[in-house]
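Peer 1: This is the content of coords.csv (CSV, C-alpha atoms and all ligand atoms):
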chain,number,residue,atom,x,y,z
I,1,MET,CA,0.0,0.0,0.0
I,2,GLU,CA,1.5,3.4,-1.0
I,3,THR,CA,1.0,6.0,1.7
I,4,ARG,CA,1.4,9.7,1.1
I,5,VAL,CA,3.0,11.3,4.1
I,6,ILE,CA,4.7,14.7,4.0
I,7,ALA,CA,8.0,14.5,5.8
I,8,LYS,CA,8.3,16.8,8.8
I,9,LYS,CA,11.5,18.7,9.2
I,10,LYS,CA,11.0,19.3,12.9
I,11,PHE,CA,11.1,15.5,13.5
I,12,GLY,CA,14.2,15.1,11.3
I,13,GLN,CA,12.2,13.0,8.8
I,14,ASN,CA,14.4,11.8,5.9
I,15,PHE,CA,13.1,8.4,4.9
I,16,LEU,CA,15.7,5.8,3.8
I,17,LYS,CA,14.7,4.5,0.4
I,18,ASP,CA,18.0,2.7,-0.7
I,19,SER,CA,17.5,-1.0,-0.5
I,20,THR,CA,21.3,-1.7,-0.7
I,21,VAL,CA,21.8,0.4,2.4
I,22,LEU,CA,18.8,-1.2,4.2
I,23,SER,CA,20.3,-4.6,3.4
I,24,LYS,CA,23.8,-3.6,4.6
I,25,ILE,CA,22.3,-2.5,8.0
I,26,ILE,CA,20.5,-5.9,8.3
I,27,GLN,CA,23.7,-7.8,7.3
I,28,SER,CA,25.6,-6.0,10.0
I,29,MET,CA,23.2,-7.0,12.8
I,30,PRO,CA,25.2,-8.9,15.5
I,31,ASN,CA,24.5,-12.7,15.6
I,32,ASN,CA,22.9,-12.9,19.1
I,33,ASN,CA,19.5,-13.4,20.7
I,34,ASN,CA,19.0,-9.7,21.6
I,35,HIS,CA,15.7,-7.9,21.2
I,36,ILE,CA,15.8,-5.0,18.7
I,37,VAL,CA,14.9,-1.4,19.6
I,38,GLU,CA,14.3,1.0,16.7
I,39,ILE,CA,14.0,4.7,17.3
I,40,GLY,CA,11.9,6.5,14.7
I,41,PRO,CA,10.4,3.8,12.5
I,42,GLY,CA,9.0,6.4,10.2
I,43,LEU,CA,7.2,4.7,7.3
I,44,GLY,CA,8.5,1.3,8.4
I,45,ASP,CA,10.9,0.5,5.6
I,46,LEU,CA,13.7,-0.6,8.0
I,47,THR,CA,11.3,-2.0,10.5
I,48,GLU,CA,9.8,-4.3,7.9
I,49,LYS,CA,13.3,-5.9,7.5
I,50,LEU,CA,14.0,-5.9,11.3
I,51,VAL,CA,10.8,-7.8,12.3
I,52,LYS,CA,11.6,-10.6,9.9
I,53,TYR,CA,14.7,-11.4,12.0
I,54,LYS,CA,13.9,-10.5,15.6
I,55,ASP,CA,11.3,-9.2,17.9
I,56,THR,CA,11.3,-5.4,17.8
I,57,THR,CA,10.1,-2.5,19.8
I,58,ALA,CA,9.9,0.9,18.1
I,59,TYR,CA,9.5,4.4,19.5
I,60,GLU,CA,7.9,6.9,17.3
I,61,VAL,CA,7.0,10.5,18.2
I,62,ASP,CA,4.9,11.6,15.2
I,63,THR,CA,1.2,10.9,15.7
I,64,ASP,CA,0.6,11.0,11.9
I,65,LEU,CA,2.9,8.0,11.4
I,66,ILE,CA,1.4,5.9,14.2
I,67,GLY,CA,-1.7,5.1,12.1
I,68,VAL,CA,0.4,4.2,9.1
I,69,LEU,CA,2.6,1.9,11.2
I,70,LYS,CA,-0.3,0.3,13.0
I,71,SER,CA,-1.9,-0.8,9.8
I,72,LYS,CA,1.3,-1.8,8.1
I,73,PHE,CA,2.4,-4.0,11.0
I,74,ALA,CA,-1.1,-5.1,12.2
I,75,ILE,CA,-0.2,-8.8,12.0
I,76,GLU,CA,3.2,-8.4,13.7
I,77,ILE,CA,1.6,-6.3,16.5
I,78,GLU,CA,-1.1,-8.9,16.9
I,79,ASN,CA,1.4,-11.8,17.3
I,80,LYS,CA,3.6,-9.7,19.5
I,81,ARG,CA,6.7,-9.7,17.2
I,82,PHE,CA,6.4,-5.9,17.0
I,83,GLU,CA,5.6,-3.4,19.7
I,84,LEU,CA,5.0,0.2,18.7
I,85,ILE,CA,5.4,2.9,21.4
I,86,HIS,CA,4.0,6.3,20.6
I,87,THR,CA,6.3,8.8,22.5
I,88,ASP,CA,9.3,11.0,22.5
I,89,VAL,CA,12.2,8.5,23.0
I,90,LEU,CA,14.1,10.9,25.3
I,91,LYS,CA,11.0,11.0,27.6
I,92,ALA,CA,10.8,7.2,27.6
I,93,TRP,CA,14.5,7.1,28.7
I,94,ASP,CA,13.8,9.6,31.4
I,95,GLU,CA,10.8,7.7,32.7
I,96,LYS,CA,11.9,4.1,32.3
I,97,GLY,CA,15.7,4.4,32.5
I,98,SER,CA,16.0,1.8,29.7
I,99,LEU,CA,14.3,1.3,26.4
I,100,HIS,CA,13.8,-2.4,27.0
I,101,GLU,CA,13.8,-4.5,30.1
I,102,GLU,CA,16.3,-7.1,28.7
I,103,SER,CA,19.5,-7.0,26.5
I,104,TYR,CA,18.8,-5.2,23.2
I,105,ASP,CA,20.6,-3.8,20.2
I,106,LEU,CA,19.6,-0.3,18.9
I,107,ILE,CA,19.2,-0.2,15.2
I,108,ALA,CA,17.9,3.0,13.6
I,109,ASN,CA,18.0,5.7,11.0
I,110,LEU,CA,18.1,8.4,13.7
I,111,PRO,CA,16.5,11.9,13.6
I,112,TYR,CA,19.7,14.0,13.2
I,113,TYR,CA,18.6,16.8,15.5
I,114,ILE,CA,18.9,14.5,18.6
I,115,ALA,CA,21.3,11.8,17.2
I,116,THR,CA,24.3,12.6,19.5
I,117,ASN,CA,22.0,12.8,22.5
I,118,ILE,CA,20.4,9.5,21.7
I,119,ILE,CA,23.8,7.7,21.3
I,120,LEU,CA,25.0,9.1,24.6
I,121,ARG,CA,21.8,7.9,26.3
I,122,ALA,CA,22.3,4.5,24.7
I,123,PHE,CA,25.9,4.4,26.2
I,124,GLU,CA,24.3,4.9,29.7
I,125,ASP,CA,21.6,2.4,29.1
I,126,SER,CA,23.1,-0.9,30.5
I,127,ASN,CA,20.6,-3.1,28.6
I,128,CYS,CA,21.8,-1.7,25.2
I,129,GLU,CA,24.7,-3.9,23.9
I,130,ASN,CA,25.1,-2.8,20.3
I,131,ILE,CA,24.4,0.3,18.3
I,132,ILE,CA,23.9,0.4,14.5
I,133,VAL,CA,22.7,3.8,13.6
I,134,MET,CA,22.5,6.1,10.6
I,135,ILE,CA,23.7,9.6,11.5
I,136,GLN,CA,25.4,12.6,9.9
I,137,ARG,CA,28.9,11.5,8.6
I,138,GLU,CA,30.6,14.4,10.3
I,139,VAL,CA,29.1,13.3,13.7
I,140,ALA,CA,29.9,9.6,13.0
I,141,GLN,CA,33.6,10.7,12.4
I,142,LYS,CA,33.7,12.3,15.8
I,143,PHE,CA,32.5,9.1,17.5
I,144,THR,CA,35.1,7.0,15.8
I,145,ALA,CA,38.1,9.4,15.6
I,146,GLN,CA,41.5,8.4,17.1
I,147,VAL,CA,44.0,10.6,18.9
I,148,ASN,CA,45.6,13.2,16.5
I,149,ASP,CA,42.8,13.0,14.0
I,150,LYS,CA,41.3,16.4,13.4
I,151,GLU,CA,37.8,15.0,14.4
I,152,TYR,CA,39.1,13.7,17.7
I,153,SER,CA,36.8,15.1,20.4
I,154,SER,CA,35.2,14.3,23.8
I,155,LEU,CA,32.8,12.1,21.9
I,156,SER,CA,35.7,10.0,20.6
I,157,ILE,CA,37.1,9.6,24.1
I,158,ILE,CA,33.8,8.6,25.6
I,159,THR,CA,33.3,6.1,22.8
I,160,GLN,CA,36.7,4.5,23.4
I,161,ILE,CA,35.9,4.2,27.1
I,162,VAL,CA,32.5,2.5,26.6
I,163,SER,CA,33.1,0.4,23.5
I,164,LYS,CA,34.9,-2.7,22.3
I,165,GLU,CA,34.6,-1.6,18.7
I,166,ALA,CA,33.4,1.5,17.0
I,167,ARG,CA,33.5,2.0,13.2
I,168,ILE,CA,31.8,3.5,10.2
I,169,LEU,CA,30.2,0.7,8.2
I,170,ILE,CA,29.2,2.7,5.1
I,171,ASP,CA,28.8,6.3,3.9
I,172,VAL,CA,25.4,7.1,2.5
I,173,PRO,CA,24.7,9.9,0.0
I,174,PRO,CA,21.8,12.3,0.3
I,175,GLU,CA,20.0,10.7,-2.7
I,176,SER,CA,19.4,7.5,-0.7
I,177,PHE,CA,16.7,9.4,1.3
I,178,ASP,CA,13.4,11.0,0.6
I,179,PRO,CA,13.6,13.9,1.1
I,180,PRO,CA,17.4,14.1,0.7
I,181,PRO,CA,19.2,15.6,3.7
I,182,LYS,CA,21.7,18.4,3.1
I,183,VAL,CA,24.7,16.3,4.2
I,184,THR,CA,26.3,12.9,3.7
I,185,SER,CA,25.3,10.3,6.2
I,186,SER,CA,27.1,7.2,7.7
I,187,VAL,CA,26.0,4.0,9.3
I,188,LEU,CA,27.9,3.8,12.6
I,189,PHE,CA,28.5,0.5,14.4
I,190,ILE,CA,29.4,0.5,18.1
I,191,SER,CA,29.7,-2.7,20.2
I,192,LYS,CA,29.6,-1.7,23.9
I,193,LYS,CA,31.7,-3.2,26.7
I,194,ASP,CA,29.8,-4.8,29.6
I,195,ASN,CA,29.1,-2.7,32.7
I,196,VAL,CA,30.9,0.5,32.0
I,197,THR,CA,29.6,3.5,33.9
I,198,LEU,CA,30.6,7.0,32.8
I,199,ASP,CA,31.8,9.3,35.6
I,200,LYS,CA,29.8,12.6,35.2
I,201,ASP,CA,32.6,14.7,36.5
I,202,PHE,CA,35.0,13.1,34.0
I,203,LEU,CA,32.5,14.1,31.2
I,204,LYS,CA,32.6,17.7,32.6
I,205,PHE,CA,36.4,17.6,32.6
I,206,LEU,CA,36.4,16.6,28.9
I,207,LYS,CA,33.9,19.3,28.1
I,208,VAL,CA,36.3,21.9,29.6
I,209,SER,CA,39.3,20.2,27.9
I,210,PHE,CA,37.7,20.6,24.4
I,211,SER,CA,36.0,24.0,25.1
I,212,GLN,CA,38.4,25.6,22.6
I,213,PRO,CA,39.6,22.7,20.4
I,214,ARG,CA,42.3,24.6,18.6
I,215,LYS,CA,43.8,26.2,21.8
I,216,LYS,CA,46.3,24.4,24.1
I,217,LEU,CA,44.7,22.0,26.5
I,218,PHE,CA,46.6,23.7,29.3
I,219,LYS,CA,44.9,27.0,28.4
I,220,ASN,CA,41.4,25.4,28.3
I,221,LEU,CA,42.0,23.8,31.7
I,222,THR,CA,43.0,27.1,33.3
I,223,ALA,CA,39.3,28.1,33.1
I,224,ILE,CA,38.8,25.9,36.2
I,225,TYR,CA,42.2,25.1,37.6
I,226,LYS,CA,45.0,27.3,38.9
I,227,LYS,CA,48.0,27.6,36.5
I,228,GLU,CA,50.6,26.5,39.1
I,229,PHE,CA,48.5,23.5,40.1
I,230,LEU,CA,48.2,22.4,36.5
I,231,SER,CA,51.9,23.1,35.8
I,232,ASN,CA,52.9,20.7,38.7
I,233,ILE,CA,50.6,18.0,37.3
I,234,TYR,CA,52.0,18.4,33.8
I,235,SER,CA,55.5,18.0,35.2
I,236,GLU,CA,54.6,15.0,37.3
I,237,LEU,CA,53.1,13.4,34.1
I,238,ASN,CA,56.1,14.6,32.1
I,239,ILE,CA,53.9,16.2,29.4
I,240,GLU,CA,54.4,19.4,27.4
I,241,GLU,CA,52.1,22.4,28.1
I,242,THR,CA,51.9,23.0,24.4
I,243,LEU,CA,49.7,19.9,23.8
I,244,ARG,CA,46.4,20.5,22.0
I,245,PRO,CA,43.2,18.7,23.1
I,246,HIS,CA,43.2,16.4,20.1
I,247,GLU,CA,46.8,15.3,20.8
I,248,VAL,CA,46.1,13.6,24.2
I,249,ASP,CA,45.0,10.0,24.2
I,250,VAL,CA,42.4,8.4,26.5
I,251,SER,CA,44.8,7.0,29.0
I,252,LEU,CA,46.5,10.4,29.4
I,253,TYR,CA,43.1,12.1,29.9
I,254,SER,CA,42.3,9.6,32.6
I,255,GLN,CA,45.6,10.2,34.3
I,256,LEU,CA,45.2,14.0,34.1
I,257,TYR,CA,41.7,13.7,35.5
I,258,THR,CA,42.7,11.5,38.4
I,259,LYS,CA,45.4,14.0,39.3
I,260,VAL,CA,43.2,17.1,39.2
I,261,LYS,CA,40.4,15.2,41.1
I,262,ASN,CA,42.8,14.3,43.8
I,263,GLY,CA,44.0,17.8,44.1
I,264,LYS,CA,40.5,19.2,44.1
I,265,GLN,CA,41.1,21.6,47.1
I,266,GLN,CA,43.4,23.6,44.8
I,267,ARG,CA,40.6,24.6,42.5
I,268,GLU,CA,40.0,28.4,42.2
I,301,LIG,C1,15.4,10.0,9.8
I,301,LIG,S1,13.8,9.5,10.1
I,301,LIG,C2,13.9,7.7,9.9
I,301,LIG,C3,12.6,7.1,9.4
I,301,LIG,C4,12.7,5.6,9.1
I,301,LIG,N1,13.3,4.8,10.1
I,301,LIG,C5,13.6,5.4,7.8
I,301,LIG,O1,14.7,4.9,7.9
I,301,LIG,O2,13.1,5.8,6.7
I,301,LIG,C6,13.7,9.7,11.8
I,301,LIG,C7,12.4,9.2,12.5
I,301,LIG,O3,12.5,9.5,13.9
I,301,LIG,C8,11.3,10.0,14.4
I,301,LIG,N2,11.5,10.9,15.5
I,301,LIG,C9,12.0,12.2,15.6
I,301,LIG,N3,12.1,12.6,16.8
I,301,LIG,C10,11.8,11.5,17.6
I,301,LIG,C11,11.7,11.4,19.0
I,301,LIG,N4,12.1,12.4,19.9
I,301,LIG,N5,11.3,10.2,19.6
I,301,LIG,C12,10.9,9.2,18.7
I,301,LIG,N6,11.0,9.3,17.4
I,301,LIG,C13,11.4,10.5,16.8
I,301,LIG,C14,10.7,10.8,13.2
I,301,LIG,O4,9.3,11.1,13.2
I,301,LIG,C15,11.1,9.8,12.0
I,301,LIG,O5,10.1,8.8,11.9
For this file, produce the structure as structure tokens.
Peer 2:
Amino acid sequence: METRVIAKKKFGQNFLKDSTVLSKIIQSMPNNNNHIVEIGPGLGDLTEKLVKYKDTTAYEVDTDLIGVLKSKFAIEIENKRFELIHTDVLKAWDEKGSLHEESYDLIANLPYYIATNIILRAFEDSNCENIIVMIQREVAQKFTAQVNDKEYSSLSIITQIVSKEARILIDVPPESFDPPPKVTSSVLFISKKDNVTLDKDFLKFLKVSFSQPRKKLFKNLTAIYKKEFLSNIYSELNIEETLRPHEVDVSLYSQLYTKVKNGKQQRE
């Protein structure tokens, strides 16, 4: 059944129409018994493939799409292979803490306006084990960048802490979508480590570290720590004050953070 739906910009609606890309997403699904959670099923093109393989729960915010999805997946909803939840997924996370009560993999073509936020929430959701999501290429590169890459950022560091593996599977041109987005997209694959919790203060420390990415890390950190205190820590760790934020690897950020945390009383 062909359904005419006008895509809504405010919900980041760019429907994926490229069957090669849809197949690639399905092929990269991990071989496990996990439930699938999809965020933003849209018109259900990806959902249709997902429910063929595994039980799926989907969160959709747009009321106009709920009717379309309910009729398209009437049988799957009836036999409980598919559960459709009509809500803003960020609210669902706030209310329930997790998007599913057991282990799940998140597979989605995400709404770009909240994509980074969604991935960070998925990092914190201990039931989420794997993430396969379409996002803007530029953002995907930030998640997967390595030290010294120009895209290396606090997102790269957080990803290295929480994941066993993080990589871009495929780049996807705007023409693969209807309507086409303005930018190139990528399918990002992240396999999470078990039981990693992110220290909120460490995240704040990273935010300050990258507050001015082109400046020296030392300079950025002086926004919250005294110069002399920092100089001592830099000497103890035997590192140069000229280092830029993107030149410091995860292990060194952890060491720096441990030192500043232990010397907390010296904060201005
Ligand atoms: C990029 S489209 C993807 C649609 C479909 N999965 C596809 O691949 O064609 C993003 C979808 O996320 C939905 N969405 C946007 N914001 C949302 C939110 N806060 N919570 C749940 N779904 C949301 C949109 O309505 C839309 O269906």
Peer 1: Determine, counting only C-alpha atoms, which protein, DNA and RNA residues have an atom within 8 Å of an atom of Arg167 (chain I); residues of the same chain fewer than 5 positions away are not included. Present the result as a PyMOL selection string.
Peer 2: chain I and resi 144+188-190
Peer 1: Give me the residues of chain I that have any atom at most 9 Å from an atom of ligand LIG 301 (chain I); for each, the nearest atom pair and the distance in Å, rounded to one decimal. Use all atoms listed in the file, sort by chain and number, and format it as JSON lines.
Peer 2:
{"residue": "I:Ala7", "atom": "CA", "partner": "I:LIG301", "partner_atom": "O4", "distance": 8.2}
{"residue": "I:Lys8", "atom": "CA", "partner": "I:LIG301", "partner_atom": "O4", "distance": 7.3}
{"residue": "I:Lys9", "atom": "CA", "partner": "I:LIG301", "partner_atom": "O4", "distance": 8.9}
{"residue": "I:Lys10", "atom": "CA", "partner": "I:LIG301", "partner_atom": "C9", "distance": 7.7}
{"residue": "I:Phe11", "atom": "CA", "partner": "I:LIG301", "partner_atom": "C9", "distance": 4.0}
{"residue": "I:Gly12", "atom": "CA", "partner": "I:LIG301", "partner_atom": "C6", "distance": 5.4}
{"residue": "I:Gln13", "atom": "CA", "partner": "I:LIG301", "partner_atom": "S1", "distance": 4.1}
{"residue": "I:Asn14", "atom": "CA", "partner": "I:LIG301", "partner_atom": "C1", "distance": 4.4}
{"residue": "I:Phe15", "atom": "CA", "partner": "I:LIG301", "partner_atom": "O2", "distance": 3.2}
{"residue": "I:Leu16", "atom": "CA", "partner": "I:LIG301", "partner_atom": "O2", "distance": 3.9}
{"residue": "I:Lys17", "atom": "CA", "partner": "I:LIG301", "partner_atom": "O2", "distance": 6.6}
{"residue": "I:Leu22", "atom": "CA", "partner": "I:LIG301", "partner_atom": "O1", "distance": 8.2}
{"residue": "I:Glu38", "atom": "CA", "partner": "I:LIG301", "partner_atom": "N1", "distance": 7.7}
{"residue": "I:Ile39", "atom": "CA", "partner": "I:LIG301", "partner_atom": "N6", "distance": 5.5}
{"residue": "I:Gly40", "atom": "CA", "partner": "I:LIG301", "partner_atom": "O3", "distance": 3.2}
{"residue": "I:Pro41", "atom": "CA", "partner": "I:LIG301", "partner_atom": "N1", "distance": 3.9}
{"residue": "I:Gly42", "atom": "CA", "partner": "I:LIG301", "partner_atom": "O5", "distance": 3.1}
{"residue": "I:Leu43", "atom": "CA", "partner": "I:LIG301", "partner_atom": "C4", "distance": 5.9}
{"residue": "I:Gly44", "atom": "CA", "partner": "I:LIG301", "partner_atom": "C4", "distance": 6.1}
{"residue": "I:Asp45", "atom": "CA", "partner": "I:LIG301", "partner_atom": "O2", "distance": 5.8}
{"residue": "I:Leu46", "atom": "CA", "partner": "I:LIG301", "partner_atom": "O1", "distance": 5.6}
{"residue": "I:Thr47", "atom": "CA", "partner": "I:LIG301", "partner_atom": "N1", "distance": 7.1}
{"residue": "I:Ala58", "atom": "CA", "partner": "I:LIG301", "partner_atom": "C12", "distance": 8.4}
{"residue": "I:Tyr59", "atom": "CA", "partner": "I:LIG301", "partner_atom": "C12", "distance": 5.1}
{"residue": "I:Glu60", "atom": "CA", "partner": "I:LIG301", "partner_atom": "N6", "distance": 3.9}
{"residue": "I:Val61", "atom": "CA", "partner": "I:LIG301", "partner_atom": "C12", "distance": 4.1}
{"residue": "I:Asp62", "atom": "CA", "partner": "I:LIG301", "partner_atom": "O4", "distance": 4.9}
{"residue": "I:Thr63", "atom": "CA", "partner": "I:LIG301", "partner_atom": "O4", "distance": 8.5}
{"residue": "I:Asp64", "atom": "CA", "partner": "I:LIG301", "partner_atom": "O4", "distance": 8.8}
{"residue": "I:Leu65", "atom": "CA", "partner": "I:LIG301", "partner_atom": "O5", "distance": 7.3}
{"residue": "I:Ile85", "atom": "CA", "partner": "I:LIG301", "partner_atom": "C12", "distance": 8.8}
{"residue": "I:His86", "atom": "CA", "partner": "I:LIG301", "partner_atom": "C12", "distance": 7.7}
{"residue": "I:Thr87", "atom": "CA", "partner": "I:LIG301", "partner_atom": "N5", "distance": 5.9}
{"residue": "I:Asp88", "atom": "CA", "partner": "I:LIG301", "partner_atom": "N5", "distance": 3.6}
{"residue": "I:Val89", "atom": "CA", "partner": "I:LIG301", "partner_atom": "N5", "distance": 3.9}
{"residue": "I:Leu90", "atom": "CA", "partner": "I:LIG301", "partner_atom": "N4", "distance": 6.0}
{"residue": "I:Lys91", "atom": "CA", "partner": "I:LIG301", "partner_atom": "N4", "distance": 7.9}
{"residue": "I:Ala92", "atom": "CA", "partner": "I:LIG301", "partner_atom": "N5", "distance": 8.6}
{"residue": "I:Ala108", "atom": "CA", "partner": "I:LIG301", "partner_atom": "N1", "distance": 6.1}
{"residue": "I:Asn109", "atom": "CA", "partner": "I:LIG301", "partner_atom": "O1", "distance": 4.6}
{"residue": "I:Leu110", "atom": "CA", "partner": "I:LIG301", "partner_atom": "C6", "distance": 5.0}
{"residue": "I:Pro111", "atom": "CA", "partner": "I:LIG301", "partner_atom": "C6", "distance": 4.0}
{"residue": "I:Tyr112", "atom": "CA", "partner": "I:LIG301", "partner_atom": "C1", "distance": 6.8}
{"residue": "I:Tyr113", "atom": "CA", "partner": "I:LIG301", "partner_atom": "N3", "distance": 7.8}
{"residue": "I:Ile114", "atom": "CA", "partner": "I:LIG301", "partner_atom": "N4", "distance": 7.2}
{"residue": "I:Ile118", "atom": "CA", "partner": "I:LIG301", "partner_atom": "N4", "distance": 9.0}
{"residue": "I:Met134", "atom": "CA", "partner": "I:LIG301", "partner_atom": "C1", "distance": 8.1}
{"residue": "I:Ile135", "atom": "CA", "partner": "I:LIG301", "partner_atom": "C1", "distance": 8.5}
{"residue": "I:Phe177", "atom": "CA", "partner": "I:LIG301", "partner_atom": "O2", "distance": 7.4}
{"residue": "I:Asp178", "atom": "CA", "partner": "I:LIG301", "partner_atom": "O2", "distance": 8.0}
Peer 1: What is the distance, in Å and to one decimal place, between CA of Ser98 (chain I) and CA of Ile132 (chain I)?
Peer 2: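 Between CA of Ser98 (chain I) and CA of Ile132 (chain I) the gap works out to 17.2 Å.
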Peer 1: Quick one: of I:Lys204, I:Lys259, I:Lys226, I:Lys52, who's nearest to Glu76 (chain I), counting only C-alpha atoms?
Peer 2: I:Lys52
Peer 1: When you look at Arg81 (chain I) with a cut-off of 9 Å (counting only C-alpha atoms), what residues show up, excluding the ones that are within fewer than 5 positions of it in the same chain? I need them as a list of chain:residue names.
Peer 2: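 The contact residues come out as I:Val51, I:Lys52, I:Lys54, I:Asp55, I:Thr56, I:Thr57, I:Ile75, I:Glu76.
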Peer 1: I'd like the interatomic distance between CA of Pro179 (chain I) and CA of Ser19 (chain I), to a tenth of an Å.
Peer 2: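 Those two atoms sit 15.5 Å apart.
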Peer 1: Which polymer residues have any atom within 12 Å of an atom of Ile233 (chain I), counting all atoms listed in the file, with same-chain residues fewer than 4 positions away left out, as a ChimeraX atom specification?
Peer 2: /I:218,221,225-229,237-241,252,255-263,266
Peer 1: Leaving out Tyr152 (chain I) and any residue of its chain fewer than 3 positions from it, which residues lie within 10 Å of it when counting all atoms listed in the file, given as number ranges by chain?
Peer 2: I: 141-149, 155-157, 210, 213, 245-249
Peer 1: Just the number, please: distance in Å from CA of Ser126 (chain I) to CA of Ile161 (chain I), one decimal.
Peer 2: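 That distance, rounded to one decimal, is 14.2 Å.
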Peer 1: Could you list, as a PyMOL selection string, every residue within 9 Å of Val21 (chain I), counting all atoms listed in the file and ignoring same-chain residues fewer than 2 positions away?
Peer 2: chain I and resi 16-19+23-26+170+172+176+187
Peer 1: May I ask which of the residues I:Ser154, I:Ser191, I:Asn130, I:Asn117 is the closest one to Lys207 (chain I), counting all atoms listed in the file?
Peer 2: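 Comparing I:Ser154, I:Ser191, I:Asn130, I:Asn117 against Lys207 (chain I), the winner is I:Ser154.
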Peer 1: Measuring between only C-alpha atoms, which one of I:His100, I:Leu217, I:Asp94, I:Glu48 shows the shortest distance to Ala74 (chain I)?
Peer 2: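 Closest to Ala74 (chain I) of all the choices is I:Glu48.
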Peer 1: Using all atoms listed in the file, can you tell me which of I:Leu69, I:Val133, I:Cys128, I:Val196 comes closest to Asn34 (chain I)?
Peer 2: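 Counting all atoms listed in the file, the residue closest to Asn34 (chain I) is I:Cys128.
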Peer 1: Pick out the closest residue to Asp125 (chain I) from this set: I:Ser185, I:Asn195, I:Gln27, I:Thr159. Count all atoms listed in the file.
Peer 2: I:Asn195
Peer 1: Using only C-alpha atoms, find the one residue out of I:Lys49, I:Lys215, I:Arg4, I:Lys192 that sits nearest to Arg244 (chain I).
Peer 2: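 For Arg244 (chain I), the nearest of the given residues is I:Lys215.
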